[in-house]
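Written out below as structure tokens is the structure these notes cover.
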Amino acid sequence: MSAPSARTLFDYAALATALRESASVKARHRLINEQLLDVRPWIELEPAEIERRLRADPLAAAAAYELTEAAPYVNKHSLTDAEFIRPFTQREFLKHLVYLGLNRPPESSPEVPRATASLRHEPWDALLFIHSVLRWAQRFAHWQPGDRRGLMRINLQYPFAVAVLDEPLTMADALLAVALKQLGVRCLAADPAVGERQLGDWLRERLQLGQSRVRARQQQLDFREAGGTQNSLFVVRAMGGVDGCDVRGAIGEDLGLIIDIGDKEVTMASTAYLERHVVNVINQRSELNAQSANGALVLRWYDTRLSAEDIGNMIYEALKQQFTLGIISVNLLFDPIRISSLRASIFAYREERAKQLKRRNEEHEPFVVCRSCASYGPHAFCIVSVDRPPCCHRSYDELAALAQFTPNAEQLTIERGICSDRARGHYMGADKVAQHFSEGFVAHINLHSIQDYPHPTTALTQCIVWFIEELDILCVMSSDYLGRSPDGKTFENLLVRVIGQHAGLVGISEAYLLSPRFLASEGGLSRVGWMNSSLKERLQIKAEHIATEKDCVNLAGLKEYLAIWRL
């Protein structure tokens, strides 16, 4: 790649002259100057000295263009903080931020899973990409502005940002390619043989994002189906059995699937999640299509040659591939009489399981650390307990099952350690984990506090809680609320502020709002004074002391509403 030749291609004398005259240019977005290398004081120097400094450092040239020729374009096309954060809030965790400096760019950005790609339409789009790299490093990697060596270390250690450049390079791309390399950003040479239609596949291969799994079902109208009837049933149980598959009866309308797990570490409570997850495993790892409804399972298959034994073995093999369990006993029943005789015992098992789920607390169940968000945030982690599910849509049971029963490295069980403050949820083991995964940036963590070392928040959060000191209340807003809070907050501007660990501001899940330990050290739901109505109705929270946007629209109205309930 011919990027280094940029130093001889540019007219540095003209750039030096433009920088001296830049005081009249309205450059509002100056991230390189404000966070990396400030060349604004250079305008007082002689042109020859400015030119010498620009030639010596490609980043200086990039910073100079930010104040001169590129300023109008950058001002017009710079993303707001909310726009920059938005791709990180999707459930498909981002793994790469990609710049495509192609000489013949496609009409639209290619669809690449787990990546957000930006095309070069104008020469200065590469400059905007550097802005995105700076934002990412500061927002998600604890980068301190001004630490150029630290930024290079972050980009080399966590290659989140990638630039793909065409030969021959434009002058702007050539210069900025050198600047990106100095910042540790990986630059790839585009393959000239790749057409527009193959660009997405090429990127997936080069960025090691993997292909989406193509299901090899026969595309035909003929299929067979079983289950979903009133007599059908489906359950996963924690009890002994013989590892393997047992099939009873000939294929018919009724279907019974009983999966017994014999491993001692699988509890009755943990089978609740396993039961839901089995449906996904069957769909992902076999040629069967599974759907769960009303405690039963519907199975559909397009290869009508499959026998009952073939179906049972498919399910067994899929489960053995997914879970690191020694004993998985798959019992596939097509005999209506046998299914009917087991219904009472299955319902009794589920009833007892529901009672055990209600009795659980974080003092007796393992803690789990989830690192899924580390795909885009090097220091992102979530410490999860029965009483404090993660801030995203996932559940404790899901993460605990993935940590204990699959080879998944993103979830791990951890030692909670000594509890020094139960109200705040302060555990010595949690502190050690926080220090390890944040590389020391998070030294302390309280699971149930918002004021003192709250749990760090990632970009993927269902709700945000914040404290209004003037009224001495907590407020809660869910991600689906598009309006404003009484103090003028929107979910987007709260999200920009909440990422990381900030006293008085924390992201939570909807499930945590219903937990008996919800922000226990700050009073829990009794301390909440405002919540958007859609969230309150969805969770069926009956507390009348909690106002919504239907009760007040500003702080004065909220203060008046709260005064009535405090009399």
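How things are named: the first chain in the structure tokens is A, the next is B, and so on; residues count from 1 in each chain; ligands count from 1 in the order shown.
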
Within 10 Å of Glu34 in chain A, counting only C-alpha atoms, which residues qualify if same-chain residues fewer than 5 places away don't, as a PDB file with N, CA, C and O atoms, in the first residue's frame?
ATOM      1  N   HIS A  29     -16.262  20.984  14.833  1.00  0.00           N
ATOM      2  CA  HIS A  29     -15.922  19.617  15.240  1.00  0.00           C
ATOM      3  C   HIS A  29     -14.418  19.421  15.084  1.00  0.00           C
ATOM      4  O   HIS A  29     -13.924  19.162  13.985  1.00  0.00           O
ATOM      5  N   VAL A  39      -3.028  21.771  16.916  1.00  0.00           N
ATOM      6  CA  VAL A  39      -2.151  22.586  16.073  1.00  0.00           C
ATOM      7  C   VAL A  39      -2.622  24.035  16.002  1.00  0.00           C
ATOM      8  O   VAL A  39      -2.022  24.849  15.273  1.00  0.00           O
ATOM      9  N   ARG A  40      -3.650  24.375  16.746  1.00  0.00           N
ATOM     10  CA  ARG A  40      -4.167  25.749  16.688  1.00  0.00           C
ATOM     11  C   ARG A  40      -3.138  26.790  17.126  1.00  0.00           C
ATOM     12  O   ARG A  40      -3.087  27.882  16.534  1.00  0.00           O
ATOM     13  N   ALA A  63      -4.881  17.134  11.577  1.00  0.00           N
ATOM     14  CA  ALA A  63      -5.438  18.136  12.484  1.00  0.00           C
ATOM     15  C   ALA A  63      -5.567  19.483  11.772  1.00  0.00           C
ATOM     16  O   ALA A  63      -6.534  20.229  11.986  1.00  0.00           O
ATOM     17  N   PRO A 145      -7.907  11.496  26.644  1.00  0.00           N
ATOM     18  CA  PRO A 145      -7.486  12.371  25.553  1.00  0.00           C
ATOM     19  C   PRO A 145      -6.081  12.919  25.787  1.00  0.00           C
ATOM     20  O   PRO A 145      -5.706  13.267  26.915  1.00  0.00           O
ATOM     21  N   GLY A 146      -5.325  12.967  24.709  1.00  0.00           N
ATOM     22  CA  GLY A 146      -3.957  13.445  24.785  1.00  0.00           C
ATOM     23  C   GLY A 146      -2.927  12.333  24.889  1.00  0.00           C
ATOM     24  O   GLY A 146      -1.748  12.559  24.608  1.00  0.00           O
TER      25      GLY A 146
END

May I have all residues of range 363-474 of chain A that DSSP, computed from the backbone, assigns to helix (DSSP H, G or I), given as a PyMOL selection string? chain A and resi 372-375+396-405+428-437

For the residues in that selection, give me N, CA, C and O atoms as a tab-separated table (two decimals), in the first residue's frame.
chain	number	residue	atom	x	y	z
A	372	SER	N	-20.11	-10.47	26.88
A	372	SER	CA	-20.57	-10.37	25.49
A	372	SER	C	-20.29	-8.99	24.90
A	372	SER	O	-19.91	-8.87	23.73
A	373	CYS	N	-20.47	-7.93	25.69
A	373	CYS	CA	-20.27	-6.58	25.18
A	373	CYS	C	-18.80	-6.25	24.97
A	373	CYS	O	-18.47	-5.18	24.43
A	374	ALA	N	-17.89	-7.14	25.40
A	374	ALA	CA	-16.46	-6.91	25.20
A	374	ALA	C	-16.09	-6.95	23.72
A	374	ALA	O	-14.98	-6.58	23.35
A	375	SER	N	-17.02	-7.41	22.86
A	375	SER	CA	-16.75	-7.40	21.42
A	375	SER	C	-16.53	-5.98	20.92
A	375	SER	O	-15.81	-5.77	19.94
A	396	TYR	N	-30.71	-13.89	34.14
A	396	TYR	CA	-29.69	-14.57	34.94
A	396	TYR	C	-29.62	-16.04	34.56
A	396	TYR	O	-28.52	-16.60	34.43
A	397	ASP	N	-30.77	-16.67	34.41
A	397	ASP	CA	-30.80	-18.11	34.11
A	397	ASP	C	-30.09	-18.41	32.79
A	397	ASP	O	-29.39	-19.42	32.66
A	398	GLU	N	-30.29	-17.56	31.79
A	398	GLU	CA	-29.63	-17.78	30.50
A	398	GLU	C	-28.12	-17.72	30.66
A	398	GLU	O	-27.39	-18.63	30.21
A	399	LEU	N	-27.62	-16.67	31.31
A	399	LEU	CA	-26.19	-16.50	31.44
A	399	LEU	C	-25.57	-17.56	32.35
A	399	LEU	O	-24.47	-18.05	32.09
A	400	ALA	N	-26.29	-17.94	33.40
A	400	ALA	CA	-25.78	-18.98	34.31
A	400	ALA	C	-25.69	-20.32	33.58
A	400	ALA	O	-24.71	-21.06	33.76
A	401	ALA	N	-26.68	-20.63	32.76
A	401	ALA	CA	-26.66	-21.89	32.02
A	401	ALA	C	-25.53	-21.89	31.00
A	401	ALA	O	-24.82	-22.89	30.84
A	402	LEU	N	-25.33	-20.78	30.30
A	402	LEU	CA	-24.25	-20.70	29.32
A	402	LEU	C	-22.88	-20.82	30.01
A	402	LEU	O	-21.95	-21.41	29.47
A	403	ALA	N	-22.77	-20.24	31.21
A	403	ALA	CA	-21.50	-20.28	31.94
A	403	ALA	C	-21.19	-21.67	32.45
A	403	ALA	O	-20.03	-22.10	32.44
A	404	GLN	N	-22.21	-22.39	32.91
A	404	GLN	CA	-21.97	-23.67	33.58
A	404	GLN	C	-22.02	-24.88	32.65
A	404	GLN	O	-21.35	-25.88	32.91
A	405	PHE	N	-22.82	-24.78	31.58
A	405	PHE	CA	-23.09	-26.00	30.82
A	405	PHE	C	-22.68	-25.93	29.35
A	405	PHE	O	-23.00	-26.82	28.57
A	428	MET	N	-16.46	-8.81	47.88
A	428	MET	CA	-15.03	-8.72	47.59
A	428	MET	C	-14.70	-9.41	46.27
A	428	MET	O	-13.85	-8.93	45.51
A	429	GLY	N	-15.34	-10.55	45.99
A	429	GLY	CA	-15.08	-11.24	44.74
A	429	GLY	C	-15.48	-10.42	43.53
A	429	GLY	O	-14.80	-10.45	42.49
A	430	ALA	N	-16.60	-9.68	43.65
A	430	ALA	CA	-17.05	-8.83	42.55
A	430	ALA	C	-16.05	-7.71	42.28
A	430	ALA	O	-15.79	-7.35	41.13
A	431	ASP	N	-15.45	-7.16	43.35
A	431	ASP	CA	-14.44	-6.12	43.19
A	431	ASP	C	-13.23	-6.65	42.41
A	431	ASP	O	-12.71	-5.99	41.51
A	432	LYS	N	-12.80	-7.85	42.76
A	432	LYS	CA	-11.64	-8.43	42.08
A	432	LYS	C	-11.91	-8.65	40.59
A	432	LYS	O	-11.06	-8.38	39.74
A	433	VAL	N	-13.11	-9.15	40.29
A	433	VAL	CA	-13.49	-9.37	38.90
A	433	VAL	C	-13.55	-8.05	38.14
A	433	VAL	O	-13.08	-7.94	37.00
A	434	ALA	N	-14.14	-7.02	38.77
A	434	ALA	CA	-14.24	-5.70	38.13
A	434	ALA	C	-12.85	-5.14	37.83
A	434	ALA	O	-12.61	-4.60	36.75
A	435	GLN	N	-11.93	-5.26	38.78
A	435	GLN	CA	-10.58	-4.75	38.56
A	435	GLN	C	-9.89	-5.50	37.44
A	435	GLN	O	-9.18	-4.91	36.62
A	436	HIS	N	-10.09	-6.82	37.39
A	436	HIS	CA	-9.43	-7.64	36.37
A	436	HIS	C	-9.92	-7.30	34.96
A	436	HIS	O	-9.11	-7.01	34.07
A	437	PHE	N	-11.25	-7.31	34.76
A	437	PHE	CA	-11.77	-7.14	33.41
A	437	PHE	C	-11.74	-5.68	32.94
A	437	PHE	O	-11.83	-5.43	31.75

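Proximity to Leu257 in chain A at 10 Å, evaluated using only C-alpha atoms and with sequence-adjacent residues fewer than 3 positions away removed, yields Gly227, Ser232, Leu233, Phe234, Val235, Val236, Val247, Asp260, Ala296, Leu297, Gly312, Ile315, Val330, Asn331, Leu332, Leu333, Phe334 and Ile339 of chain A.
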
I want to know what sits within 12 Å of Arg148 in chain A, based on only C-alpha atoms, with residues of the same chain fewer than 6 positions away left out; could you give that as an mmCIF file with C-alpha atoms, in the first residue's frame?
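Writing done, so here's part.cif:
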data_model
loop_
_atom_site.group_PDB
_atom_site.id
_atom_site.type_symbol
_atom_site.label_atom_id
_atom_site.label_comp_id
_atom_site.auth_asym_id
_atom_site.auth_seq_id
_atom_site.Cartn_x
_atom_site.Cartn_y
_atom_site.Cartn_z
ATOM 1 C CA ILE A 32 -8.220 15.647 16.639
ATOM 2 C CA GLN A 35 -8.240 15.280 22.026
ATOM 3 C CA LEU A 36 -5.078 14.205 20.207
ATOM 4 C CA LEU A 37 -2.851 16.913 18.740
ATOM 5 C CA LEU A 59 -1.451 13.505 12.426
ATOM 6 C CA LEU A 134 -11.345 8.673 19.070
ATOM 7 C CA ALA A 137 -11.598 4.716 22.515
ATOM 8 C CA ILE A 154 -5.636 0.204 22.683
ATOM 9 C CA ASN A 155 -5.965 -0.113 18.896
ATOM 10 C CA ALA A 179 -2.116 8.723 10.485
ATOM 11 C CA LEU A 180 -4.286 5.684 11.215
ATOM 12 C CA GLN A 182 0.444 5.701 13.700
ATOM 13 C CA LEU A 183 -2.618 5.285 15.924
ATOM 14 C CA GLY A 184 -2.424 1.494 15.678
#

Can you list, as a ChimeraX atom specification, all residues belonging to range 273-319 of chain A that DSSP tags as strand (DSSP E or B)? /A:289-293,296-301

Excluding Ala115 in chain A and its own-chain neighbours fewer than 4 positions away, which residues fall within 9 Å of it when counting only C-alpha atoms? Please give them as a list in words. Pro87, Phe93, Leu94, Lys95, His96, Leu97, Val98, Glu111 and Leu209 of chain A

Check the smallest atom-to-atom distance from each of A:Leu169, A:Val384, A:Met531, A:Ala226 to Asp551 in chain A using only C-alpha atoms, then report the winner.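 Selected residue with least distance to Asp551 in chain A: A:Met531.
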
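Closest approach to Ile328 in chain A among A:Val242, A:Val369, A:Ile130, A:Leu19 is made by A:Val242 (distances from only C-alpha atoms).
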
Straight-line distance linking CA of Val133 in chain A with CA of Pro454 in chain A, stated in Å to one decimal: 27.0 Å

Give me the residues within 10 Å of Leu342 in chain A as a ChimeraX atom specification, counting only C-alpha atoms and dropping any in the same chain fewer than 4 places off. /A:233,256,258,337-338,346-347

Output for the residues just chosen: N, CA and C atoms as a compact mmCIF listing (two decimals), in the first residue's frame:
# COMPACT_ATOMS: atom_id res chain seq x y z
N LEU A 233 -46.57 -32.65 25.18
CA LEU A 233 -45.85 -32.07 26.31
C LEU A 233 -44.36 -31.99 26.03
N GLY A 256 -44.38 -35.99 22.65
CA GLY A 256 -43.83 -35.76 23.98
C GLY A 256 -42.32 -35.77 23.92
N ILE A 258 -39.19 -35.40 26.51
CA ILE A 258 -38.72 -35.31 27.88
C ILE A 258 -37.20 -35.48 27.86
N ILE A 337 -51.07 -42.61 24.52
CA ILE A 337 -51.41 -43.16 25.84
C ILE A 337 -50.25 -42.94 26.82
N ARG A 338 -49.03 -43.20 26.36
CA ARG A 338 -47.86 -42.99 27.21
C ARG A 338 -47.70 -41.52 27.57
N ILE A 346 -45.33 -34.43 35.04
CA ILE A 346 -44.64 -33.30 34.42
C ILE A 346 -45.15 -31.98 35.01
N PHE A 347 -46.46 -31.86 35.17
CA PHE A 347 -47.02 -30.64 35.75
C PHE A 347 -46.56 -30.47 37.20

Name the residues in contact with Tyr453 in chain A at a cut-off of 9 Å, using only C-alpha atoms, excluding same-chain residues fewer than 4 positions from it; report them as a list in words.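 My list of contacting residues is Val442, Ala443, His444, Ile445, Asn446, Leu447, Ser449, Gln501, His502 and Ala503 of chain A.
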
Distance in Å - CA of Cys463 in chain A versus CA of Gly417 in chain A: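 About the pair CA of Cys463 in chain A and CA of Gly417 in chain A: they are 28.3 Å apart.
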
My list of candidates is A:Arg517, A:Arg206, A:Arg114, A:His77. Which is closest to Leu128 in chain A when distances are computed with only C-alpha atoms?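 Of all the options, A:His77 lies closest to Leu128 in chain A.
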
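Between His277 in chain A and the candidates A:Tyr349, A:Phe129, A:Phe323, A:Trp143, the tightest atom-to-atom separation, counting only C-alpha atoms, involves A:Phe323.
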
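Shortest atom-to-atom contact with His379 in chain A among A:Glu21, A:Asp57, A:Glu439, A:Glu544: A:Glu439, counting only C-alpha atoms.
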
Just checking: using only C-alpha atoms, which residue out of A:Arg224, A:Arg104, A:Arg86, A:Arg538 ends up closest to Leu288 in chain A?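 When distances to Leu288 in chain A are compared using only C-alpha atoms, the smallest one comes from A:Arg224.
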
Hey, can you check how far CA of Glu351 in chain A sits from CA of Asn231 in chain A? 18.4 Å
